file data_5.cif (mmCIF, C-alpha atoms and all ligand atoms)
data_entry
#
loop_
_atom_site.label_atom_id
_atom_site.label_comp_id
_atom_site.auth_asym_id
_atom_site.auth_seq_id
_atom_site.Cartn_x
_atom_site.Cartn_y
_atom_site.Cartn_z
CA MET C 1 -7.59 21.82 -21.97
CA ASN C 2 -7.12 23.84 -25.13
CA THR C 3 -7.50 27.54 -24.51
CA PRO C 4 -7.77 29.07 -21.06
CA PHE C 5 -10.68 31.48 -20.59
CA PRO C 6 -11.72 33.94 -17.88
CA ILE C 7 -13.64 32.49 -14.96
CA THR C 8 -16.33 35.14 -15.58
CA GLN C 9 -17.36 33.21 -18.70
CA LEU C 10 -18.51 30.21 -16.66
CA ASP C 11 -22.21 29.67 -16.35
CA THR C 12 -23.46 28.86 -12.85
CA PRO C 13 -23.76 26.86 -10.71
CA ALA C 14 -20.19 25.84 -11.52
CA LEU C 15 -17.72 23.76 -9.54
CA ILE C 16 -14.18 25.10 -9.48
CA ALA C 17 -10.87 24.07 -7.89
CA ASP C 18 -8.07 26.49 -7.11
CA LEU C 19 -5.21 24.63 -8.78
CA ASP C 20 -2.41 26.10 -6.70
CA LYS C 21 -4.15 25.26 -3.44
CA MET C 22 -5.15 21.80 -4.61
CA THR C 23 -1.62 21.02 -5.79
CA GLN C 24 -0.20 22.28 -2.51
CA ASN C 25 -2.66 20.10 -0.55
CA ILE C 26 -1.56 17.05 -2.54
CA LYS C 27 2.09 17.85 -1.86
CA GLU C 28 1.54 18.59 1.83
CA MET C 29 -0.28 15.31 2.58
CA GLN C 30 2.33 13.31 0.70
CA GLN C 31 5.09 15.03 2.69
CA GLN C 32 3.32 14.38 5.98
CA ILE C 33 2.84 10.70 5.18
CA ASP C 34 6.47 10.41 4.02
CA LEU C 35 7.60 11.93 7.31
CA LEU C 36 5.54 9.34 9.19
CA GLY C 37 7.29 6.61 7.21
CA LEU C 38 3.98 5.35 5.77
CA THR C 39 2.55 5.13 2.29
CA LEU C 40 -0.38 7.19 1.07
CA ARG C 41 -3.33 5.62 -0.71
CA PRO C 42 -5.67 8.59 -1.21
CA HIS C 43 -9.39 7.98 -1.14
CA THR C 44 -10.70 9.23 -4.47
CA LYS C 45 -14.34 9.29 -3.37
CA ALA C 46 -13.53 12.95 -2.67
CA HIS C 47 -12.93 13.81 -6.34
CA LYS C 48 -13.86 10.79 -8.51
CA ILE C 49 -11.55 11.97 -11.33
CA PRO C 50 -8.79 9.68 -12.73
CA ALA C 51 -6.60 12.65 -13.72
CA LEU C 52 -6.53 13.89 -10.12
CA ALA C 53 -5.82 10.36 -8.88
CA GLN C 54 -2.87 10.29 -11.26
CA MET C 55 -1.65 13.63 -9.86
CA GLN C 56 -1.72 12.09 -6.37
CA ILE C 57 0.21 9.05 -7.59
CA ASP C 58 2.72 11.25 -9.41
CA ALA C 59 3.24 13.07 -6.11
CA GLY C 60 4.16 9.77 -4.42
CA ALA C 61 0.96 7.87 -3.55
CA VAL C 62 1.21 4.08 -3.87
CA GLY C 63 -2.24 3.75 -5.44
CA ILE C 64 -5.77 4.88 -4.62
CA CYS C 65 -8.97 3.87 -2.84
CA THR C 66 -12.47 3.91 -4.23
CA SER C 67 -15.61 3.37 -2.20
CA LYS C 68 -17.55 1.57 -4.84
CA LEU C 69 -16.90 -0.91 -7.60
CA GLY C 70 -18.34 1.58 -10.12
CA GLU C 71 -15.73 4.15 -9.09
CA ALA C 72 -13.04 1.47 -9.39
CA GLU C 73 -14.17 0.72 -12.94
CA VAL C 74 -13.76 4.41 -13.77
CA MET C 75 -10.30 4.59 -12.20
CA ALA C 76 -8.99 1.41 -13.84
CA LYS C 77 -10.30 2.58 -17.21
CA GLY C 78 -8.61 5.91 -16.55
CA GLY C 79 -5.22 4.18 -16.26
CA ILE C 80 -4.80 4.02 -12.47
CA HIS C 81 -2.58 1.01 -11.75
CA ASP C 82 -3.45 0.19 -8.13
CA VAL C 83 -6.98 0.35 -6.72
CA LEU C 84 -8.42 -0.71 -3.36
CA ILE C 85 -12.23 -0.94 -3.16
CA THR C 86 -12.92 -0.05 0.47
CA THR C 87 -16.58 -1.14 0.74
CA PRO C 88 -17.61 -4.81 0.72
CA ILE C 89 -19.71 -5.91 -2.25
CA ALA C 90 -22.48 -8.50 -2.41
CA GLY C 91 -24.73 -10.13 -4.98
CA ALA C 92 -24.03 -12.11 -8.15
CA VAL C 93 -24.00 -9.05 -10.42
CA LYS C 94 -21.34 -7.32 -8.32
CA TYR C 95 -19.12 -10.40 -8.01
CA HIS C 96 -19.23 -10.91 -11.77
CA ARG C 97 -18.35 -7.24 -12.32
CA LEU C 98 -15.41 -7.43 -9.92
CA ILE C 99 -13.98 -10.45 -11.70
CA ALA C 100 -14.60 -8.86 -15.11
CA LEU C 101 -12.76 -5.73 -13.94
CA CYS C 102 -9.75 -7.75 -12.78
CA LYS C 103 -9.74 -9.70 -16.02
CA GLU C 104 -10.03 -6.60 -18.15
CA HIS C 105 -7.10 -4.93 -16.37
CA PRO C 106 -4.58 -7.72 -15.71
CA LYS C 107 -1.76 -5.25 -15.05
CA THR C 108 -3.79 -3.26 -12.51
CA VAL C 109 -3.67 -4.26 -8.86
CA ILE C 110 -7.31 -4.43 -7.79
CA ARG C 111 -8.05 -5.35 -4.20
CA GLN C 112 -11.43 -5.75 -2.53
CA VAL C 113 -12.31 -5.19 1.12
CA ILE C 114 -14.46 -7.98 2.59
CA ASP C 115 -15.74 -8.94 6.03
CA HIS C 116 -17.75 -12.16 5.60
CA PRO C 117 -17.10 -15.78 4.52
CA GLU C 118 -19.78 -15.35 1.84
CA HIS C 119 -17.64 -12.65 0.16
CA VAL C 120 -14.62 -14.93 0.18
CA LYS C 121 -16.43 -17.93 -1.25
CA ALA C 122 -18.29 -16.03 -3.97
CA ILE C 123 -15.25 -14.07 -5.18
CA ALA C 124 -13.02 -17.16 -5.00
CA ARG C 125 -15.46 -19.31 -7.01
CA LEU C 126 -15.62 -16.87 -9.92
CA ALA C 127 -11.92 -16.02 -9.75
CA THR C 128 -11.00 -19.71 -9.95
CA GLU C 129 -13.35 -20.28 -12.89
CA THR C 130 -11.69 -17.34 -14.62
CA GLY C 131 -8.16 -18.39 -13.73
CA ILE C 132 -7.28 -15.28 -11.69
CA GLU C 133 -6.56 -14.48 -8.05
CA VAL C 134 -8.10 -11.53 -6.20
CA GLY C 135 -6.31 -9.80 -3.33
CA LEU C 136 -8.53 -9.23 -0.29
CA LEU C 137 -8.30 -6.95 2.73
CA VAL C 138 -10.40 -7.96 5.72
CA GLU C 139 -12.25 -5.04 7.26
CA VAL C 140 -11.94 -5.04 11.04
CA GLU C 141 -14.33 -3.24 13.37
CA SER C 142 -12.63 0.02 14.37
CA GLY C 143 -15.16 1.79 16.57
CA GLN C 144 -17.72 2.83 13.97
CA MET C 145 -19.87 -0.31 14.31
CA ARG C 146 -20.46 -0.32 10.55
CA CYS C 147 -18.85 -3.10 8.50
CA GLY C 148 -15.96 -5.10 9.90
CA VAL C 149 -15.36 -8.30 11.85
CA MET C 150 -14.43 -8.04 15.50
CA PRO C 151 -10.74 -8.44 16.30
CA ASP C 152 -11.29 -11.88 17.80
CA GLU C 153 -11.42 -15.50 16.63
CA SER C 154 -13.86 -14.56 13.84
CA LEU C 155 -11.04 -12.54 12.25
CA VAL C 156 -8.69 -15.51 12.52
CA GLU C 157 -11.29 -17.80 10.94
CA LEU C 158 -11.87 -15.41 8.04
CA ILE C 159 -8.16 -15.03 7.33
CA GLU C 160 -7.67 -18.80 7.52
CA LEU C 161 -10.58 -19.29 5.13
CA ILE C 162 -8.92 -16.92 2.64
CA ASN C 163 -5.59 -18.67 3.05
CA ARG C 164 -6.99 -22.10 2.25
CA THR C 165 -9.24 -20.93 -0.62
CA GLU C 166 -8.02 -20.95 -4.19
CA GLY C 167 -8.69 -17.77 -6.21
CA VAL C 168 -8.26 -15.29 -3.34
CA ARG C 169 -5.24 -13.94 -1.47
CA TYR C 170 -4.96 -12.50 2.04
CA ASP C 171 -3.23 -9.15 1.52
CA GLY C 172 -4.05 -7.46 4.82
CA ILE C 173 -6.69 -5.64 6.81
CA GLN C 174 -8.57 -2.36 6.70
CA ALA C 175 -9.12 -0.55 9.99
CA TYR C 176 -10.92 2.72 9.28
CA SER C 177 -12.67 4.83 11.91
CA GLY C 178 -14.84 7.10 9.75
CA HIS C 179 -16.81 8.44 12.69
CA LEU C 180 -13.73 10.14 14.15
CA GLN C 181 -12.44 12.07 11.13
CA LEU C 182 -14.36 15.22 11.99
CA VAL C 183 -13.88 15.31 15.75
CA LYS C 184 -13.04 18.92 16.60
CA GLY C 185 -9.76 19.64 18.34
CA TYR C 186 -6.51 18.08 17.25
CA GLN C 187 -5.43 16.37 20.47
CA VAL C 188 -8.80 14.85 21.32
CA ARG C 189 -9.18 13.62 17.74
CA GLN C 190 -5.74 12.00 17.72
CA GLN C 191 -6.32 10.32 21.07
CA THR C 192 -9.80 8.97 20.31
CA ALA C 193 -8.63 7.70 16.92
CA PHE C 194 -5.66 5.93 18.51
CA ASP C 195 -7.82 4.41 21.23
CA ALA C 196 -10.42 3.20 18.70
CA VAL C 197 -7.97 0.83 17.00
CA ARG C 198 -5.70 -0.07 19.89
CA ASP C 199 -7.43 -3.47 20.32
CA VAL C 200 -7.03 -4.25 16.63
CA PHE C 201 -3.27 -3.83 16.79
CA ALA C 202 -3.03 -5.66 20.11
CA PHE C 203 -4.83 -8.58 18.46
CA ILE C 204 -2.44 -8.50 15.52
CA ASP C 205 0.54 -8.67 17.87
CA THR C 206 -0.76 -11.21 20.33
CA THR C 207 -2.79 -13.52 18.09
CA LEU C 208 -2.26 -13.01 14.36
CA ALA C 209 1.52 -12.62 14.34
CA PRO C 210 2.27 -15.80 16.36
CA ARG C 211 0.03 -17.77 13.99
CA ASP C 212 1.81 -16.35 10.97
CA LEU C 213 -1.31 -14.35 9.98
CA LYS C 214 0.15 -10.86 10.40
CA PRO C 215 -1.33 -8.58 7.73
CA GLY C 216 1.04 -7.35 5.02
CA ILE C 217 -1.07 -4.25 4.49
CA VAL C 218 -2.88 -2.36 7.24
CA SER C 219 -4.90 0.39 5.58
CA GLY C 220 -6.94 3.16 7.20
CA GLY C 221 -6.91 6.70 8.51
CA GLY C 222 -8.24 9.82 6.87
CA THR C 223 -7.70 13.55 6.60
CA GLY C 224 -8.57 14.07 10.26
CA THR C 225 -6.54 11.18 11.66
CA PHE C 226 -3.62 10.51 9.33
CA ALA C 227 -1.08 11.34 12.07
CA ALA C 228 -2.95 9.71 14.95
CA TYR C 229 -1.33 6.30 14.95
CA PRO C 230 2.39 6.54 15.70
CA GLY C 231 3.92 3.13 16.26
CA LEU C 232 0.66 1.23 15.90
CA GLY C 233 1.41 -0.61 12.68
CA TYR C 234 -0.58 1.00 9.88
CA THR C 235 1.26 0.65 6.59
CA GLU C 236 -0.88 2.99 4.47
CA ILE C 237 -3.17 5.96 5.01
CA GLN C 238 -6.41 6.52 3.08
CA SER C 239 -6.93 10.30 3.43
CA GLY C 240 -9.21 11.76 0.80
CA SER C 241 -10.78 15.13 1.57
CA TYR C 242 -7.44 16.89 2.10
CA ILE C 243 -7.26 17.50 -1.64
CA PHE C 244 -10.13 20.04 -1.34
CA MET C 245 -10.73 20.74 2.36
CA ASP C 246 -14.43 21.54 2.53
CA ALA C 247 -15.94 23.88 5.13
CA THR C 248 -16.50 21.05 7.62
CA TYR C 249 -12.93 19.83 7.38
CA ALA C 250 -11.55 23.37 7.48
CA ALA C 251 -13.15 23.74 10.92
CA ILE C 252 -11.70 20.64 12.61
CA GLY C 253 -8.42 22.28 13.52
CA ASP C 254 -4.82 21.23 13.15
CA GLU C 255 -1.87 20.71 15.43
CA LEU C 256 -1.55 24.44 16.10
CA CYS C 257 -5.17 25.50 16.26
CA ASP C 258 -8.27 23.67 17.49
CA VAL C 259 -10.85 25.43 15.34
CA THR C 260 -9.22 26.12 11.96
CA ASN C 261 -7.17 23.79 9.84
CA ARG C 262 -4.38 25.75 8.22
CA GLN C 263 -2.31 22.79 7.16
CA PHE C 264 -4.50 22.29 4.09
CA SER C 265 -6.33 25.02 2.16
CA PRO C 266 -9.95 25.12 1.02
CA ALA C 267 -9.50 24.57 -2.72
CA LEU C 268 -13.02 23.71 -3.85
CA LYS C 269 -15.66 26.36 -4.52
CA VAL C 270 -19.04 26.63 -6.17
CA LEU C 271 -19.90 29.71 -8.20
CA THR C 272 -23.52 30.73 -7.90
CA THR C 273 -25.55 33.65 -9.27
CA VAL C 274 -27.94 35.91 -7.37
CA ILE C 275 -31.26 35.35 -9.15
CA SER C 276 -33.57 37.31 -6.87
CA HIS C 277 -33.50 39.84 -4.02
CA PRO C 278 -37.05 39.85 -2.69
CA ALA C 279 -36.26 41.69 0.57
CA ALA C 280 -33.47 43.89 1.89
CA ASN C 281 -32.28 41.10 4.19
CA ARG C 282 -32.87 38.20 1.77
CA ALA C 283 -31.43 37.26 -1.60
CA VAL C 284 -31.71 34.03 -3.55
CA VAL C 285 -28.99 32.23 -5.53
CA ASP C 286 -29.18 29.52 -8.18
CA ALA C 287 -27.44 26.82 -6.10
CA GLY C 288 -29.77 24.66 -4.03
CA MET C 289 -29.15 21.15 -2.81
CA LYS C 290 -28.84 19.81 -6.35
CA SER C 291 -25.55 21.72 -6.41
CA LEU C 292 -24.45 22.24 -2.82
CA SER C 293 -24.90 19.20 -0.61
CA ILE C 294 -26.10 19.88 2.94
CA ASP C 295 -25.57 16.51 4.61
CA LEU C 296 -22.78 17.99 6.75
CA GLY C 297 -24.34 21.42 7.21
CA MET C 298 -24.64 24.61 5.22
CA PRO C 299 -21.97 25.87 2.82
CA LYS C 300 -20.24 29.17 3.56
CA VAL C 301 -20.57 32.31 1.48
CA THR C 302 -16.93 33.07 0.78
CA THR C 303 -17.62 36.36 -0.99
CA TYR C 304 -19.52 37.75 2.02
CA PRO C 305 -18.64 35.76 5.15
CA GLU C 306 -21.18 37.75 7.17
CA VAL C 307 -23.99 36.44 4.95
CA THR C 308 -25.45 33.04 5.81
CA TYR C 309 -26.77 30.40 3.43
CA GLN C 310 -29.96 28.46 3.94
CA CYS C 311 -30.98 25.68 1.61
CA GLY C 312 -34.08 26.85 -0.27
CA GLY C 313 -34.81 23.49 -1.88
CA ASP C 314 -33.43 21.63 -4.87
CA GLU C 315 -32.55 24.67 -6.98
CA HIS C 316 -32.63 27.66 -4.61
CA GLY C 317 -30.22 28.90 -2.00
CA ILE C 318 -31.50 31.58 0.37
CA LEU C 319 -29.00 34.17 1.59
CA HIS C 320 -29.63 36.03 4.83
CA LEU C 321 -28.01 39.45 4.89
CA PRO C 322 -27.27 41.17 8.19
CA GLU C 323 -29.01 44.47 8.93
CA GLY C 324 -27.60 47.29 6.83
CA HIS C 325 -25.67 44.98 4.50
CA ARG C 326 -25.13 46.37 1.06
CA GLN C 327 -27.68 45.06 -1.41
CA LEU C 328 -26.49 42.40 -3.82
CA LYS C 329 -26.97 42.78 -7.54
CA VAL C 330 -29.25 40.40 -9.34
CA GLY C 331 -26.83 38.64 -11.69
CA GLU C 332 -23.91 39.00 -9.29
CA VAL C 333 -21.78 35.85 -9.04
CA LEU C 334 -20.80 34.69 -5.56
CA THR C 335 -18.32 32.10 -4.38
CA MET C 336 -19.42 29.39 -1.95
CA LEU C 337 -17.33 26.99 0.12
CA PRO C 338 -19.12 23.59 0.12
CA SER C 339 -19.69 21.88 3.44
CA HIS C 340 -18.90 18.41 2.09
CA CYS C 341 -16.70 17.83 -0.94
CA ASP C 342 -17.60 14.16 -1.63
CA THR C 343 -21.31 14.78 -2.01
CA THR C 344 -20.88 18.14 -3.76
CA LEU C 345 -18.70 16.58 -6.48
CA HIS C 346 -21.50 14.07 -6.90
CA ASN C 347 -23.73 16.91 -8.14
CA PHE C 348 -21.61 18.15 -11.06
CA ASP C 349 -20.48 16.80 -14.42
CA VAL C 350 -17.37 18.96 -14.65
CA LEU C 351 -14.72 20.36 -12.31
CA TYR C 352 -12.97 23.46 -13.62
CA GLY C 353 -9.38 24.08 -12.57
CA VAL C 354 -8.69 27.80 -12.09
CA ARG C 355 -5.59 29.91 -11.65
CA ASP C 356 -5.35 33.71 -11.53
CA GLY C 357 -8.97 34.18 -12.59
CA MET C 358 -8.62 31.93 -15.62
CA VAL C 359 -10.08 28.48 -16.23
CA VAL C 360 -7.06 26.47 -17.28
CA GLU C 361 -8.25 22.87 -16.75
CA GLN C 362 -11.51 21.05 -17.19
CA TRP C 363 -12.13 17.52 -15.91
CA ALA C 364 -15.18 15.35 -16.39
CA ILE C 365 -16.15 13.97 -12.96
CA GLU C 366 -16.19 10.46 -14.35
CA GLY C 367 -16.97 8.69 -11.09
CA ARG C 368 -19.97 10.90 -10.46
CA GLY C 369 -23.08 8.80 -9.98
CA ARG C 370 -21.02 5.60 -9.86
CA SER C 371 -22.30 4.48 -6.49
CA ASP C 372 -23.06 1.13 -8.09
C1 LIG T 1 -12.90 3.70 3.99
C2 LIG T 1 -12.53 5.14 3.90
N1 LIG T 1 -11.24 5.49 3.95
C3 LIG T 1 -10.86 6.78 3.84
C4 LIG T 1 -11.78 7.80 3.67
C5 LIG T 1 -11.28 9.20 3.50
O1 LIG T 1 -11.59 9.99 4.50
P1 LIG T 1 -11.42 11.57 4.45
O2 LIG T 1 -12.12 12.05 3.24
O3 LIG T 1 -12.07 11.96 5.69
O4 LIG T 1 -9.97 11.83 4.41
C6 LIG T 1 -13.14 7.48 3.66
C7 LIG T 1 -14.14 8.56 3.56
O5 LIG T 1 -15.29 8.47 3.82
C8 LIG T 1 -13.53 6.13 3.76
O6 LIG T 1 -14.82 5.77 3.71
#
call {"tool": "encode", "arguments": {"input": "data_5.cif", "output": "structure tokens"}}
result
Amino acid sequence: MNTPFPITQLDTPALIADLDKMTQNIKEMQQQIDLLGLTLRPHTKAHKIPALAQMQIDAGAVGICTSKLGEAEVMAKGGIHDVLITTPIAGAVKYHRLIALCKEHPKTVIRQVIDHPEHVKAIARLATETGIEVGLLVEVESGQMRCGVMPDESLVELIELINRTEGVRYDGIQAYSGHLQLVKGYQVRQQTAFDAVRDVFAFIDTTLAPRDLKPGIVSGGGTGTFAAYPGLGYTEIQSGSYIFMDATYAAIGDELCDVTNRQFSPALKVLTTVISHPAANRAVVDAGMKSLSIDLGMPKVTTYPEVTYQCGGDEHGILHLPEGHRQLKVGEVLTMLPSHCDTTLHNFDVLYGVRDGMVVEQWAIEGRGRSD
């Protein structure tokens, strides 16, 4: 960015990241994963910005994850050299786009998660026609009952299909338990996460390894569970939200405290302006659900923690002031801590990087809206 300017010059609603906290979060997760002897492949669905992905790689990450092919297109175009697309794709348009992406970026490692023979055949057919090979990770059911083959003979059959099909390559498996990332309480979260994938690793040891089908890559884990799998056999961890730590994540606890996570700092905020104060106990701000997502609950009012936020619709946020609270000024700018970073980033075009009250960076959220 050219010239830094005071944060007070930002119009609202505005999305800001505390650069020192964000940088420290990046460093901390990398250190934790290094200590575990694993590699980090951050999930960039949290931020959707190639420049931040590059910061994570510069800090030691092996590459990145994207949820969607559209996000992968953004990351590859943005110069990211190693991308794993963690959601299976389907349909002729998608398969053609995947192959086009691989062809367009021959030096970029692009891998696709799959869980069905149809995926293998369709990707392989186009890859062979184009003269390329696509690396695949097989998603294995890990307790969420979402995508993923069961760790049984169907997994063996799918891997064997990949191995005998030209145009695709068996690179490993994905075992991700998304439903356990936000379990409150460190010990219970670690234990349930471990238990959820125990069968997967038992199957690898007892069935895949003897048949020479042991996965090279085993990818999974998130911000809540990155340390939950000692000795199990993961090779890389896909944590994403740690870069920002939204209000929901900040409340899951860490090793030392069951209700507050102090290992990573809340780095993402939304600035919002008081536009109305119709009653002594009620004010209204200009950030409704088009700015602050509410899928994981209400955001927190950082400026006045005793004030609670209620979604007032698309464009309005209603603030409830406790009895006797000092009246807010119409025009006053407040700071909010979003409840869910992924979906909040989805609402903004730009993320401003701030330090010491100054806006010093400005990133277009290029993967915003790229759920295609
Ligand atoms: C497949 C996959 N891996 C990793 C993550 C990152 O999880 P978190 O943001 O909880 O760290 C997600 C998030 O939804 C995901 O879908």
call {"tool": "atom_distance", "arguments": {"input": "data_5.cif", "atom1": "CA of Glu133 in chain C", "atom2": "CA of Arg111 in chain C"}}
result
10.0 Å
call {"tool": "residues_around", "arguments": {"input": "data_5.cif", "residues": "Ser265 in chain C", "least_positions_apart": "5", "cutoff": "9 Å", "atoms": "all atoms listed in the file", "output": "list in words"}}
result
Lys21, Met22, Gln24, Asn25, Tyr242, Ile243, Phe244, Met245, Asp246 and Ala250 of chain C
call {"tool": "residues_near_ligand", "arguments": {"input": "data_5.cif", "ligand": "ligand LIG 1 (chain T)", "cutoff": "6 Å", "atoms": "all atoms listed in the file", "output": "list in words"}}
result
His43, Thr86, Tyr176, Gln181, Gly220, Gly222, Thr223, Gln238, Ser239, Gly240 and Ser241 of chain C
call {"tool": "atom_distance", "arguments": {"input": "data_5.cif", "atom1": "CA of Thr108 in chain C", "atom2": "CA of Glu160 in chain C"}}
result
25.6 Å
call {"tool": "closest_residue", "arguments": {"input": "data_5.cif", "among": "C:Gly367, C:Gly37, C:Gly135, C:Pro6", "to": "Thr235 in chain C", "atoms": "all atoms listed in the file"}}
result
C:Gly37
call {"tool": "closest_residue", "arguments": {"input": "data_5.cif", "among": "C:Ile16, C:Ala251, C:Leu38, C:Ala76", "to": "Leu232 in chain C", "atoms": "all atoms listed in the file"}}
result
C:Leu38
call {"tool": "residues_around", "arguments": {"input": "data_5.cif", "residues": "Arg125 in chain C", "least_positions_apart": "5", "cutoff": "12 Å", "atoms": "only C-alpha atoms", "output": "list of chain:residue names"}}
result
C:Ala92, C:Tyr95, C:His96, C:Ile99, C:Glu118, C:His119, C:Val120, C:Thr130, C:Gly131, C:Ile132, C:Glu133, C:Val134, C:Ile162, C:Thr165, C:Glu166, C:Gly167, C:Val168
call {"tool": "axis_aligned_box", "arguments": {"input": "data_5.cif", "around": "range 266-270 of chain C", "padding_each_side": "6 Å", "output": "AutoDock Vina command-line options"}}
result
--center_x -14.3 --center_y 25.2 --center_z -2.6 --size_x 21.5 --size_y 14.9 --size_z 19.2
call {"tool": "residues_around", "arguments": {"input": "data_5.cif", "residues": "range 87-91 of chain C", "least_positions_apart": "3", "cutoff": "8 Å", "atoms": "all atoms listed in the file", "output": "PDB file with C-alpha atoms, in the coordinates of the input"}}
result
ATOM      1  CA  SER C  67     -15.610   3.370  -2.200  1.00  0.00           C
ATOM      2  CA  LYS C  68     -17.550   1.570  -4.840  1.00  0.00           C
ATOM      3  CA  LEU C  69     -16.900  -0.910  -7.600  1.00  0.00           C
ATOM      4  CA  LYS C  94     -21.340  -7.320  -8.320  1.00  0.00           C
ATOM      5  CA  TYR C  95     -19.120 -10.400  -8.010  1.00  0.00           C
ATOM      6  CA  GLN C 112     -11.430  -5.750  -2.530  1.00  0.00           C
ATOM      7  CA  VAL C 113     -12.310  -5.190   1.120  1.00  0.00           C
ATOM      8  CA  ILE C 114     -14.460  -7.980   2.590  1.00  0.00           C
ATOM      9  CA  ASP C 115     -15.740  -8.940   6.030  1.00  0.00           C
ATOM     10  CA  HIS C 119     -17.640 -12.650   0.160  1.00  0.00           C
TER      11      HIS C 119
END
